[in-house]
Amino acid sequence: MATAQRQAPNQHVLTVESTEWLTPHLVRVVLAGPSLAGFNCDGHTDAYVKLLFVDPTLGLEPPYDLAALRTTLPAGQRPVTRTYTVRWLDRATRRLAIDFVTHGDAGVAAVWAAKATPGDRLVLSGPGGAYVPDPAVGWHVFAGDLSALPAIAASLRALPEHARGVAHLEITDPADIIDLEHPAQVTVNWLVNTDDGDTVFLARAMEDWPWPPAADSPGAVQVFAHGERESIKAVRKVLQARGIPRAAISISGYWARGRTEDVFQAEKREPVGRID
């Protein structure tokens, strides 16, 4: 069996401990491994990792020398990377959970997750992250679709009991509604959008929702808005119209309709992929 020549930094070789279907389109995979004792996300509730998928016919043993593989392998056999948010981490037991949005037989990571069984291995690198809810902010606003649900759920759980605000969660099927832990004064607003072409659905809901007085004042509002790219662009316009300071906003596209992650990531450097 072939072995990767060099150990790439920050790779975790984990084993599937369990899987659970939370909803018809959301499966949770719990992974374990000794290296998670040193997994440090610095308290970020949007902590994300890069999942690494290598052609099993190559017989490679992780961790992988990705740079070498990408230069020596033909295009069809090069490693595939997919980005996912960590749903929860337990460093004491060296376990973490990732929630995967499934689309039938489409995709790479979601297909793997739907078929994963205890004992399977997964290699990931990271974590990264940038967002932490500010307990001093008067009003918290969260907005996103199922792809942002893990980060939003983790953020809601991290809020202090006195926190106030709203989480707008866009879904396509009411069967995907799940119970979320959140402060009593934070409303979880599930929004069922059955029109796949309606990219301003989430933005309209945010615009129509009551905002606190002086929402454009520093420290009044903190926003976390992530999800499908065109939907989040529309959300950005709502925030601009409200005068929410850019420093109070965490915003980006997690994916784009009709794009693979490779194309989506490449487009982030182009005007079509930017959300300022």
# chains A, B, ... in the order shown; residues from 1 in each chain; ligands from 1

$ select_by_dssp --residues "segment 75-266 of chain A" --states "strand (DSSP E or B)" --output "PyMOL selection string"
chain A and resi 80-90+95-101+121-128+139-144+164-171+185-192+221-228+249-255

$ residues_around --residues "Gly165 of chain A" --least-positions-apart "5" --cutoff "6 Å" --atoms "only C-alpha atoms" --output "list in words"
Trp139, His140, Val141 and Val186 of chain A

$ residues_around --residues "Asp105 of chain A" --least-positions-apart "4" --cutoff "12 Å" --atoms "only C-alpha atoms" --output "VMD selection string"
chain A and resid 25 101 109 to 115

$ residues_around --residues "segment 41-53 of chain A" --least-positions-apart "3" --cutoff "9 Å" --atoms "only C-alpha atoms" --output "ChimeraX atom specification"
/A:56,64,78-88,108-109,122-133,148,150-155,158

$ write_last_selection --atoms "N, CA and C atoms" --output "short mmCIF file (atom, residue, chain, number, x, y, z; two decimals), in the first residue's frame"
data_model
loop_
_atom_site.label_atom_id
_atom_site.label_comp_id
_atom_site.auth_asym_id
_atom_site.auth_seq_id
_atom_site.Cartn_x
_atom_site.Cartn_y
_atom_site.Cartn_z
N PRO A 56 -9.72 6.33 -3.51
CA PRO A 56 -9.30 5.16 -2.73
C PRO A 56 -8.50 4.15 -3.53
N TYR A 64 -1.92 13.25 4.11
CA TYR A 64 -1.55 13.34 2.71
C TYR A 64 -0.63 14.52 2.43
N ARG A 78 -7.00 13.81 -8.59
CA ARG A 78 -6.47 14.75 -7.60
C ARG A 78 -7.40 14.87 -6.40
N PRO A 79 -6.84 15.19 -5.22
CA PRO A 79 -7.67 15.29 -4.01
C PRO A 79 -8.78 16.31 -4.18
N VAL A 80 -9.91 16.02 -3.56
CA VAL A 80 -11.06 16.91 -3.56
C VAL A 80 -11.23 17.45 -2.15
N THR A 81 -11.42 18.76 -2.04
CA THR A 81 -11.59 19.42 -0.75
C THR A 81 -12.99 20.00 -0.64
N ARG A 82 -13.63 19.79 0.49
CA ARG A 82 -14.94 20.37 0.75
C ARG A 82 -14.94 21.02 2.13
N THR A 83 -15.60 22.17 2.24
CA THR A 83 -15.59 22.96 3.47
C THR A 83 -16.87 22.76 4.25
N TYR A 84 -16.73 22.46 5.55
CA TYR A 84 -17.89 22.25 6.42
C TYR A 84 -17.67 22.89 7.78
N THR A 85 -18.78 23.34 8.37
CA THR A 85 -18.75 23.91 9.71
C THR A 85 -18.82 22.81 10.75
N VAL A 86 -18.08 22.98 11.83
CA VAL A 86 -18.14 22.05 12.95
C VAL A 86 -19.40 22.35 13.75
N ARG A 87 -20.24 21.35 13.95
CA ARG A 87 -21.48 21.57 14.73
C ARG A 87 -21.19 21.65 16.21
N TRP A 88 -20.38 20.71 16.71
CA TRP A 88 -19.92 20.79 18.09
C TRP A 88 -18.61 20.05 18.24
N VAL A 108 -19.99 15.23 -3.24
CA VAL A 108 -18.93 14.33 -2.79
C VAL A 108 -19.06 14.06 -1.30
N ALA A 109 -18.97 15.12 -0.50
CA ALA A 109 -18.99 14.97 0.95
C ALA A 109 -20.34 14.47 1.45
N LEU A 122 -12.13 9.60 7.99
CA LEU A 122 -12.24 10.88 7.30
C LEU A 122 -11.05 11.73 7.69
N VAL A 123 -10.44 12.36 6.70
CA VAL A 123 -9.30 13.24 6.94
C VAL A 123 -9.76 14.67 6.76
N LEU A 124 -9.40 15.51 7.72
CA LEU A 124 -9.77 16.92 7.62
C LEU A 124 -8.62 17.80 8.11
N SER A 125 -8.61 19.03 7.66
CA SER A 125 -7.63 20.01 8.12
C SER A 125 -8.37 21.22 8.68
N GLY A 126 -7.71 21.93 9.56
CA GLY A 126 -8.31 23.10 10.19
C GLY A 126 -8.12 23.04 11.68
N PRO A 127 -8.85 23.88 12.39
CA PRO A 127 -10.01 24.65 11.91
C PRO A 127 -9.64 26.09 11.54
N GLY A 128 -10.60 26.74 10.85
CA GLY A 128 -10.60 28.18 10.66
C GLY A 128 -11.84 28.73 11.33
N GLY A 129 -12.01 30.02 11.25
CA GLY A 129 -13.19 30.65 11.86
C GLY A 129 -12.92 32.11 12.14
N ALA A 130 -14.00 32.88 12.29
CA ALA A 130 -13.82 34.31 12.52
C ALA A 130 -14.89 34.94 13.39
N TYR A 131 -16.01 34.25 13.60
CA TYR A 131 -17.16 34.89 14.27
C TYR A 131 -17.35 34.37 15.69
N VAL A 132 -17.60 35.30 16.59
CA VAL A 132 -17.99 34.99 17.96
C VAL A 132 -19.10 35.97 18.34
N PRO A 133 -20.24 35.51 18.86
CA PRO A 133 -21.28 36.45 19.29
C PRO A 133 -20.76 37.35 20.41
N ALA A 148 -25.85 27.03 6.65
CA ALA A 148 -25.41 27.89 7.76
C ALA A 148 -25.97 27.44 9.10
N PRO A 150 -25.46 24.82 11.09
CA PRO A 150 -24.53 24.44 12.16
C PRO A 150 -23.90 25.64 12.86
N ALA A 151 -23.46 26.63 12.09
CA ALA A 151 -22.84 27.80 12.70
C ALA A 151 -23.85 28.63 13.48
N ILE A 152 -25.06 28.77 12.94
CA ILE A 152 -26.09 29.53 13.63
C ILE A 152 -26.51 28.82 14.91
N ALA A 153 -26.67 27.50 14.84
CA ALA A 153 -27.05 26.74 16.03
C ALA A 153 -25.98 26.85 17.11
N ALA A 154 -24.72 26.74 16.72
CA ALA A 154 -23.64 26.87 17.69
C ALA A 154 -23.60 28.27 18.28
N SER A 155 -23.90 29.28 17.47
CA SER A 155 -23.90 30.67 17.95
C SER A 155 -25.04 30.91 18.92
N ALA A 158 -24.23 29.60 22.22
CA ALA A 158 -23.17 30.34 22.91
C ALA A 158 -23.65 31.68 23.48
#

$ atom_distance --atom1 "atom CA of Val188 of chain A" --atom2 "atom CA of Gly104 of chain A"
27.3 Å

$ select_by_dssp --residues "segment 166-225 of chain A" --states "alpha helix (DSSP H)" --output "PyMOL selection string"
chain A and resi 201-208

$ closest_residue --among "A:Leu31, A:Ala143, A:Ala184, A:Val192" --to "Leu159 of chain A" --atoms "only C-alpha atoms"
A:Ala184

$ residues_around --residues "segment 13-15 of chain A" --least-positions-apart "4" --cutoff "9 Å" --atoms "only C-alpha atoms" --output "number ranges by chain"
A: 30-36, 62-63, 95, 118-125

$ atom_distance --atom1 "atom CA of Arg259 of chain A" --atom2 "atom CA of Thr57 of chain A"
26.5 Å

$ closest_residue --among "A:Leu191, A:Thr172, A:Val238, A:Gly59" --to "Glu207 of chain A" --atoms "only C-alpha atoms"
A:Val238

$ closest_residue --among "A:Ser18, A:Gln240, A:Asn10, A:Thr93" --to "Thr117 of chain A" --atoms "only C-alpha atoms"
A:Ser18

$ residues_around --residues "Ser252 of chain A" --least-positions-apart "5" --cutoff "9 Å" --atoms "only C-alpha atoms" --output "list of chain:residue names"
A:Ala225, A:His226, A:Gly227, A:Glu228, A:Arg229, A:Ile232, A:Lys233, A:Arg274, A:Ile275, A:Asp276

$ write_last_selection --atoms "C-alpha atoms" --output "mmCIF file, in the first residue's frame"
data_model
loop_
_atom_site.group_PDB
_atom_site.id
_atom_site.type_symbol
_atom_site.label_atom_id
_atom_site.label_comp_id
_atom_site.auth_asym_id
_atom_site.auth_seq_id
_atom_site.Cartn_x
_atom_site.Cartn_y
_atom_site.Cartn_z
ATOM 1 C CA ALA A 225 -25.477 36.098 7.514
ATOM 2 C CA HIS A 226 -24.171 33.170 5.480
ATOM 3 C CA GLY A 227 -25.625 30.803 2.908
ATOM 4 C CA GLU A 228 -26.332 30.648 -0.818
ATOM 5 C CA ARG A 229 -24.380 33.420 -2.551
ATOM 6 C CA ILE A 232 -26.758 36.563 0.821
ATOM 7 C CA LYS A 233 -26.091 39.318 -1.721
ATOM 8 C CA ARG A 274 -17.784 39.071 -3.878
ATOM 9 C CA ILE A 275 -20.063 40.163 -1.073
ATOM 10 C CA ASP A 276 -18.685 43.390 0.358
#

$ closest_residue --among "A:Ala67, A:Ala106, A:Ala92, A:Ala215" --to "Gly258 of chain A" --atoms "only C-alpha atoms"
A:Ala106
